[in-house]
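This is input_34.cif (mmCIF, C-alpha atoms).
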```cif
data_input
#
loop_
_atom_site.label_atom_id
_atom_site.label_comp_id
_atom_site.auth_asym_id
_atom_site.auth_seq_id
_atom_site.Cartn_x
_atom_site.Cartn_y
_atom_site.Cartn_z
CA GLY V 11 132.85 93.62 92.31
CA THR V 12 129.30 93.98 93.59
CA PHE V 13 130.24 93.96 97.27
CA GLY V 14 133.12 96.39 96.83
CA ARG V 15 131.13 98.95 94.86
CA ALA V 16 128.15 98.76 97.20
CA GLY V 17 130.52 99.06 100.17
CA CYS V 18 132.11 102.20 98.75
CA LEU V 19 128.68 103.78 98.42
CA TYR V 20 127.58 102.66 101.89
CA PHE V 21 130.62 104.02 103.71
CA ALA V 22 130.83 107.25 101.70
CA HIS V 23 127.19 107.98 102.52
CA ARG V 24 128.13 107.66 106.19
CA GLY V 25 131.01 110.10 106.13
CA ALA V 26 134.01 107.90 105.36
CA LYS V 27 136.83 108.97 103.09
CA VAL V 28 137.05 105.98 100.77
CA ALA V 29 140.08 104.46 99.06
CA ALA V 30 138.86 101.91 96.50
CA LEU V 31 141.36 99.30 95.28
CA ASP V 32 140.84 97.14 92.19
CA ASN V 33 142.99 95.49 89.54
CA ASN V 34 140.36 96.30 86.89
CA PHE V 35 140.95 99.93 85.91
CA ASP V 36 137.65 100.34 84.02
CA ALA V 37 135.59 98.89 86.87
CA LEU V 38 137.50 101.00 89.38
CA THR V 39 136.90 104.18 87.38
CA GLU V 40 133.20 103.36 87.11
CA THR V 41 132.96 102.83 90.87
CA VAL V 42 134.66 106.14 91.67
CA LYS V 43 132.42 108.04 89.22
CA LEU V 44 129.28 106.38 90.58
CA VAL V 45 130.11 107.14 94.21
CA ARG V 46 131.01 110.76 93.47
CA LYS V 47 127.84 111.26 91.45
CA GLU V 48 125.52 109.73 94.03
CA CYS V 49 127.19 111.49 96.94
CA GLN V 50 127.08 114.82 95.11
CA ALA V 51 123.32 114.45 94.69
CA SER V 52 122.75 113.28 98.27
CA ALA V 53 121.12 115.48 100.89
CA GLU V 54 122.37 113.33 103.76
CA PRO V 55 124.23 115.43 106.36
CA TYR V 56 127.29 113.19 106.81
CA VAL V 57 127.93 112.16 103.22
CA ASN V 58 131.55 112.35 102.09
CA LYS V 59 132.40 112.93 98.44
CA HIS V 60 136.07 112.08 98.95
CA ILE V 61 136.77 108.80 97.15
CA ASN V 62 139.95 107.92 95.27
CA GLY V 63 140.62 104.84 93.19
CA PHE V 64 143.92 102.95 93.23
CA GLU V 65 144.89 100.16 90.87
CA CYS V 66 146.12 97.15 92.82
CA ASP V 67 146.95 93.56 91.92
CA VAL V 68 146.87 91.64 95.20
CA THR V 69 149.03 88.85 93.73
CA SER V 70 151.92 91.33 93.43
CA THR V 71 153.49 92.60 96.66
CA GLU V 72 155.04 95.45 94.69
CA SER V 73 151.59 96.51 93.46
CA VAL V 74 150.09 96.21 96.95
CA ASP V 75 152.88 98.20 98.60
CA ALA V 76 152.68 100.92 95.93
CA ALA V 77 148.90 101.19 96.25
CA ILE V 78 149.01 101.48 100.04
CA ARG V 79 151.77 104.13 99.80
CA ASP V 80 149.54 106.08 97.39
CA VAL V 81 146.57 105.77 99.74
CA VAL V 82 148.58 107.14 102.67
CA GLU V 83 149.89 109.96 100.51
CA ALA V 84 146.36 110.86 99.44
CA PHE V 85 144.62 110.48 102.81
CA GLY V 86 147.38 110.80 105.40
CA SER V 87 146.41 107.63 107.29
CA ILE V 88 144.35 104.45 107.16
CA ASP V 89 141.94 103.76 110.00
CA LEU V 90 139.75 100.96 108.61
CA LEU V 91 140.19 98.17 106.08
CA TRP V 92 137.60 95.96 104.45
CA ASN V 93 139.83 93.29 102.93
CA ASN V 94 137.52 91.99 100.22
CA ALA V 95 139.50 90.82 97.18
CA GLY V 96 138.51 87.34 96.08
CA TYR V 97 138.21 84.78 93.29
CA GLN V 98 135.73 81.91 93.31
CA GLY V 99 137.67 79.61 91.02
CA GLN V 100 136.35 76.55 89.25
CA ILE V 101 133.32 74.62 90.41
CA LYS V 102 134.40 71.04 89.85
CA PRO V 103 134.74 67.91 91.99
CA THR V 104 138.12 67.33 93.60
CA LEU V 105 139.22 64.61 91.16
CA GLU V 106 138.75 66.99 88.23
CA TYR V 107 140.02 70.19 89.81
CA SER V 108 142.87 72.03 88.08
CA LEU V 109 146.03 72.42 90.17
CA ALA V 110 146.77 75.67 88.37
CA ASP V 111 143.37 77.10 89.30
CA PHE V 112 143.76 75.88 92.88
CA ALA V 113 147.01 77.82 93.11
CA THR V 114 145.39 80.92 91.59
CA VAL V 115 142.54 80.85 94.10
CA LEU V 116 144.94 80.64 97.04
CA SER V 117 147.22 83.29 95.54
CA ILE V 118 144.36 85.80 95.46
CA ASN V 119 142.20 84.76 98.40
CA VAL V 120 144.93 83.92 100.91
CA THR V 121 148.33 85.31 99.96
CA GLY V 122 146.81 88.39 98.33
CA MET V 123 144.53 89.06 101.26
CA PHE V 124 147.45 88.67 103.65
CA ALA V 125 149.61 91.05 101.60
CA VAL V 126 146.97 93.78 101.79
CA MET V 127 146.27 93.18 105.47
CA GLN V 128 149.95 93.26 106.39
CA ALA V 129 150.69 96.40 104.36
CA VAL V 130 147.76 98.26 105.90
CA ALA V 131 148.48 96.93 109.41
CA LYS V 132 152.01 98.32 109.20
CA VAL V 133 150.56 101.77 108.51
CA MET V 134 148.09 101.42 111.37
CA ALA V 135 150.76 100.19 113.79
CA ARG V 136 153.00 103.18 113.02
CA SER V 137 150.09 105.55 113.56
CA PHE V 138 149.22 103.86 116.84
CA GLU V 139 152.81 104.14 118.09
CA GLU V 140 152.95 107.81 117.12
CA SER V 141 149.66 108.44 118.89
CA LYS V 142 150.94 106.74 122.06
CA ASN V 143 154.10 108.81 121.99
CA ASN V 144 152.09 112.00 121.58
CA LYS V 145 149.85 111.07 124.51
CA ASN V 146 152.85 110.29 126.67
CA THR V 147 154.33 113.68 125.83
CA THR V 148 151.06 115.39 126.72
CA LYS V 149 150.86 113.58 130.07
CA ALA V 150 154.45 114.48 130.82
CA GLU V 151 153.54 118.11 130.31
CA GLY V 152 150.72 117.78 132.83
CA GLU V 153 147.81 118.06 130.39
CA GLY V 154 146.46 114.53 130.78
CA GLY V 155 143.30 113.62 132.65
CA ASP V 156 140.51 111.12 133.05
CA GLY V 157 138.18 110.80 130.11
CA ASP V 158 134.93 109.15 129.21
CA ASP V 159 135.09 105.37 129.74
CA SER V 160 133.35 104.51 126.45
CA ALA V 161 135.65 106.79 124.50
CA ALA V 162 138.66 105.32 126.24
CA SER V 163 137.49 101.80 125.38
CA ALA V 164 137.15 102.66 121.71
CA SER V 165 140.46 104.49 121.58
CA SER V 166 142.37 101.56 123.10
CA HIS V 167 142.18 99.85 119.69
CA PRO V 168 141.25 102.58 117.21
CA TYR V 169 142.03 100.63 114.03
CA ALA V 170 139.95 97.82 112.55
CA ILE V 171 140.29 95.26 109.77
CA VAL V 172 137.57 92.98 108.40
CA ASN V 173 138.52 90.07 106.15
CA THR V 174 135.88 88.59 103.87
CA ALA V 175 135.69 84.85 104.50
CA SER V 176 132.75 82.58 103.67
CA VAL V 177 130.52 79.89 105.09
CA ALA V 178 132.16 77.68 102.45
CA GLY V 179 135.30 77.82 104.59
CA MET V 180 133.33 76.53 107.56
CA ARG V 181 131.40 73.77 105.81
CA GLY V 182 133.57 72.66 102.89
CA THR V 183 131.16 73.18 99.98
CA PRO V 184 131.24 70.29 97.48
CA ALA V 185 132.84 71.03 94.09
CA MET V 186 134.50 74.14 95.53
CA VAL V 187 137.61 72.65 97.10
CA ALA V 188 139.94 75.57 96.32
CA TYR V 189 137.51 78.30 97.38
CA SER V 190 136.53 76.45 100.56
CA SER V 191 140.18 75.85 101.43
CA SER V 192 141.05 79.49 100.85
CA LYS V 193 138.25 80.79 103.03
CA ALA V 194 139.13 78.37 105.84
CA ALA V 195 142.64 79.81 105.64
CA VAL V 196 141.23 83.34 105.87
CA LEU V 197 139.44 82.41 109.10
CA ALA V 198 142.64 81.05 110.64
CA MET V 199 144.58 84.07 109.36
CA THR V 200 142.03 86.38 110.97
CA VAL V 201 142.31 84.78 114.41
CA SER V 202 146.11 84.56 114.36
CA SER V 203 146.63 88.11 113.12
CA ALA V 204 144.06 89.46 115.59
CA LYS V 205 146.25 88.18 118.42
CA ASP V 206 149.43 89.51 116.83
CA LEU V 207 147.98 92.94 116.08
CA ALA V 208 146.04 93.58 119.31
CA PRO V 209 149.14 95.13 121.01
CA HIS V 210 149.30 97.59 118.11
CA GLY V 211 145.77 98.93 118.59
CA ILE V 212 144.27 96.93 115.72
CA ARG V 213 141.19 94.73 115.85
CA VAL V 214 140.85 92.00 113.18
CA ASN V 215 137.61 90.17 112.44
CA ALA V 216 136.02 88.26 109.59
CA VAL V 217 132.62 88.21 107.95
CA SER V 218 131.29 84.98 106.42
CA PRO V 219 128.35 85.41 104.05
CA ALA V 220 126.43 82.69 102.24
CA LEU V 221 123.64 82.59 99.67
CA VAL V 222 123.51 86.28 98.76
CA GLY V 223 121.32 87.31 95.86
CA PRO V 224 119.53 87.53 93.55
CA GLY V 225 121.95 88.65 90.88
CA TYR V 226 124.41 87.42 88.30
CA MET V 227 126.77 85.68 90.74
CA TRP V 228 123.93 83.80 92.45
CA THR V 229 122.48 82.65 89.12
CA ARG V 230 125.85 81.74 87.64
CA GLN V 231 126.95 79.76 90.69
CA ASN V 232 123.77 77.67 90.54
CA GLU V 233 124.38 77.00 86.84
CA LEU V 234 127.94 75.89 87.56
CA HIS V 235 126.89 73.68 90.47
CA ALA V 236 124.23 72.07 88.26
CA SER V 237 126.78 71.29 85.54
CA SER V 238 129.55 70.22 87.92
CA GLY V 239 128.64 66.54 87.94
CA SER V 240 128.67 66.53 91.73
CA PRO V 241 126.11 64.15 93.27
CA TYR V 242 125.31 66.82 95.85
CA PHE V 243 123.61 69.09 93.30
CA ALA V 244 120.69 68.61 90.92
CA THR V 245 121.34 69.04 87.20
CA ASP V 246 118.70 71.78 86.94
CA PRO V 247 119.96 75.21 88.17
CA GLU V 248 116.49 76.13 89.44
CA GLU V 249 116.38 72.97 91.53
CA VAL V 250 119.86 73.74 92.86
CA ALA V 251 118.70 77.20 93.92
CA LYS V 252 115.54 75.82 95.51
CA ALA V 253 117.49 73.25 97.51
CA LYS V 254 119.98 75.85 98.75
CA VAL V 255 117.29 78.23 99.98
CA GLY V 256 115.42 75.29 101.49
CA GLY V 257 118.43 74.65 103.73
CA VAL V 258 118.26 78.17 105.18
CA PRO V 259 116.13 78.44 108.34
CA MET V 260 115.02 81.94 107.29
CA LYS V 261 113.97 80.57 103.86
CA ARG V 262 115.34 83.41 101.81
CA LEU V 263 118.52 84.80 100.31
CA GLY V 264 120.61 87.40 102.06
CA THR V 265 121.22 90.81 100.52
CA THR V 266 124.43 92.66 99.76
CA ASP V 267 123.30 95.40 102.14
CA GLU V 268 122.92 92.92 105.01
CA VAL V 269 126.51 91.75 104.52
CA ILE V 270 127.84 95.32 104.34
CA LYS V 271 126.02 96.24 107.56
CA ALA V 272 127.76 93.33 109.28
CA VAL V 273 131.10 94.62 108.00
CA ALA V 274 130.22 98.13 109.18
CA PHE V 275 129.47 96.83 112.67
CA LEU V 276 132.85 95.11 112.90
CA LEU V 277 134.63 98.24 111.67
CA SER V 278 132.77 100.55 114.05
CA ASP V 279 133.29 101.44 117.70
CA ASP V 280 130.12 99.45 118.44
CA SER V 281 132.35 96.37 118.31
CA SER V 282 135.24 97.93 120.23
CA TYR V 283 135.73 94.83 122.43
CA THR V 284 135.43 92.36 119.55
CA THR V 285 138.43 90.86 117.78
CA ALA V 286 139.39 87.43 116.35
CA PHE V 287 135.68 86.91 115.63
CA ASN V 288 133.86 85.56 112.58
CA LEU V 289 130.44 87.14 112.02
CA VAL V 290 128.33 84.72 109.98
CA VAL V 291 125.64 86.19 107.70
CA ASP V 292 123.76 83.17 106.34
CA GLY V 293 120.21 83.14 107.69
CA GLY V 294 121.10 80.43 110.19
CA MET V 295 122.25 77.87 107.57
CA SER V 296 125.47 76.97 109.36
CA GLY V 297 124.10 77.45 112.86
CA GLY V 298 125.04 75.03 115.61
CA LEU V 299 127.06 74.64 118.78
CA ARG V 300 130.80 74.09 118.33
#
```

Structure re-expressed in structure tokens:
Amino acid sequence: GTFGRAGCLYFAHRGAKVAALDNNFDALTETVKLVRKECQASAEPYVNKHINGFECDVTSTESVDAAIRDVVEAFGSIDLLWNNAGYQGQIKPTLEYSLADFATVLSINVTGMFAVMQAVAKVMARSFEESKNNKNTTKAEGEGGDGDDSAASASSHPYAIVNTASVAGMRGTPAMVAYSSSKAAVLAMTVSSAKDLAPHGIRVNAVSPALVGPGYMWTRQNELHASSGSPYFATDPEEVAKAKVGGVPMKRLGTTDEVIKAVAFLLSDDSSYTTAFNLVVDGGMSGGLR
């Protein structure tokens, strides 16, 4: 998707070795080719041309486990995860919503996201345990010593996961009952897993975007809201869009790049003392004291 491809480019340009996962082989191949081409032409000093694509269906634990095994085989380890698979589902009022589609949304957005997070966290936890054992061996041999405090703070939890949630999960967007439910579950999953994984050197946070555009998804969502029959939306897509932006204190849409920068912050050592947190990127739309 748009976020995934842009994220691959963003992190590769900043020196990351990138493992891209997608269940759409053609889209995955296109992403890998694009990143390699742009990075090859880049004059930036830290750019990394190392990106591999791995087919992965998050609704299949066998597919997820195989993909993560292939990533470890290709790269040796996994330090960071942006857990970004998702499906919007139907835009219909609750009384008309398909049970089958509701189950599909939760299968991808909740169970699928958990499957990827758990598989990657197991790799990270093993690496963390091995690193601790190596440090203990070094100290036993008399080679240990005091280090820089900031480096020590970052190294206490060297692995990071960011789950993509949504403001819809915080507000309960009308005519999006499955998507809103799934993203609320992602927020709870993030907090619970952050507590479980902290002893294993892993930080877990979430990012919740809203109203990102312009682009196909923004336009299409407004069309679907307008045709949903919900009393909360006008029947004209342009009026729907106008009303949405009017509810944003900053009076504009967010950009894909702004969301990716929020993800990058949560994955970086700049947020080394931050876990179980949801970083909202919505121009102030959902702001308030809770």

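Closest to Gly17 of chain V among V:Met134, V:Val291, V:Ala272, V:Val82 is V:Ala272, based on only C-alpha atoms.
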
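Selection by the PyMOL selection byres ((chain V and resi 103) around 10) on the present file picks out V:Gln100, V:Ile101, V:Lys102, V:Thr104, V:Leu105, V:Glu106, V:Tyr107, V:Ser108, V:Pro184, V:Ala185, V:Met186, V:Val187, V:His235, V:Ser238, V:Gly239, V:Ser240, V:Pro241.
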
| field | Answer key for the PyMOL selection byres ((chain V and resi 23-39) around 9), residues as a ChimeraX atom specification | value | /V:11,14-15,18-22,40-45,48-49,52,54-68,77,81,84-85,95

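For the residues V:Met260, V:Leu221, V:Val120, V:Ala125, ranking by smallest atom-to-atom distance to Lys193 of chain V using only C-alpha atoms places V:Val120 first.
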
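Between atom CA of Val177 of chain V and atom CA of Met295 of chain V the separation is 8.9 Å.
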
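Here atom CA of Ala244 of chain V and atom CA of Arg230 of chain V stand 14.5 Å from one another.
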
| remark: One residue among V:Thr285, V:Ser278, V:Ser176, V:Thr229 is nearest to Thr200 of chain V when using only C-alpha atoms, and that residue is V:Thr285

| remark: Expressed in Å, the length from atom CA of Pro209 of chain V to atom CA of Lys132 of chain V is 12.6 Å

| task | Could you tell me which of V:Asp89, V:Gly223, V:Ala216, V:Glu140 comes closest to Met123 of chain V if we count only C-alpha atoms? | result | V:Ala216

| task | Choose the residue, out of V:Ala286, V:Val258, V:Val74, V:Leu276, that has the smallest atom-to-atom separation from Val172 of chain V; count only C-alpha atoms. | result | V:Leu276

Given 8 Å on each side, where is the centre and what are the edge lengths in Å to one decimal of the axis-aligned box enclosing the listed atoms of segment 173-179 of chain V, as lines of an AutoDock Vina configuration file?
```
center_x = 134.5
center_y = 83.9
center_z = 104.3
size_x = 24.0
size_y = 28.4
size_z = 19.7
```

| request: May I have the protein, DNA and RNA residues with an atom at most 12 Å from (145.0, 90.8, 115.7), counting all atoms listed in the file in the file's coordinates, returned as number ranges by chain? | output: V: 127-128, 131, 134-135, 167, 169-173, 198-216, 284-287

| Nearest to Val273 of chain V among V:Gln50, V:Ser117, V:Thr71, V:Asn288, with distances taken over only C-alpha atoms: which residue is it? | V:Asn288

| query | Residues picked by the PyMOL selection byres ((chain V and resi 268) around 12) here, as a PyMOL selection string? | reply | chain V and resi 13+16-17+20+217-223+263-267+269-275+289-293

Would you list the contacts of Glu248 of chain V as a short mmCIF file (atom, residue, chain, number, x, y, z; two decimals) with C-alpha atoms, in the frame of the given file, taking every protein, DNA or RNA residue within 10 Å and counting only C-alpha atoms, but skipping same-chain residues closer than 5 positions in sequence?
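As a result, part_25.cif now contains:
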```
data_model
loop_
_atom_site.label_atom_id
_atom_site.label_comp_id
_atom_site.auth_asym_id
_atom_site.auth_seq_id
_atom_site.Cartn_x
_atom_site.Cartn_y
_atom_site.Cartn_z
CA THR V 229 122.48 82.65 89.12
CA ASN V 232 123.77 77.67 90.54
CA GLU V 233 124.38 77.00 86.84
CA ALA V 236 124.23 72.07 88.26
CA ALA V 253 117.49 73.25 97.51
CA LYS V 254 119.98 75.85 98.75
#
```
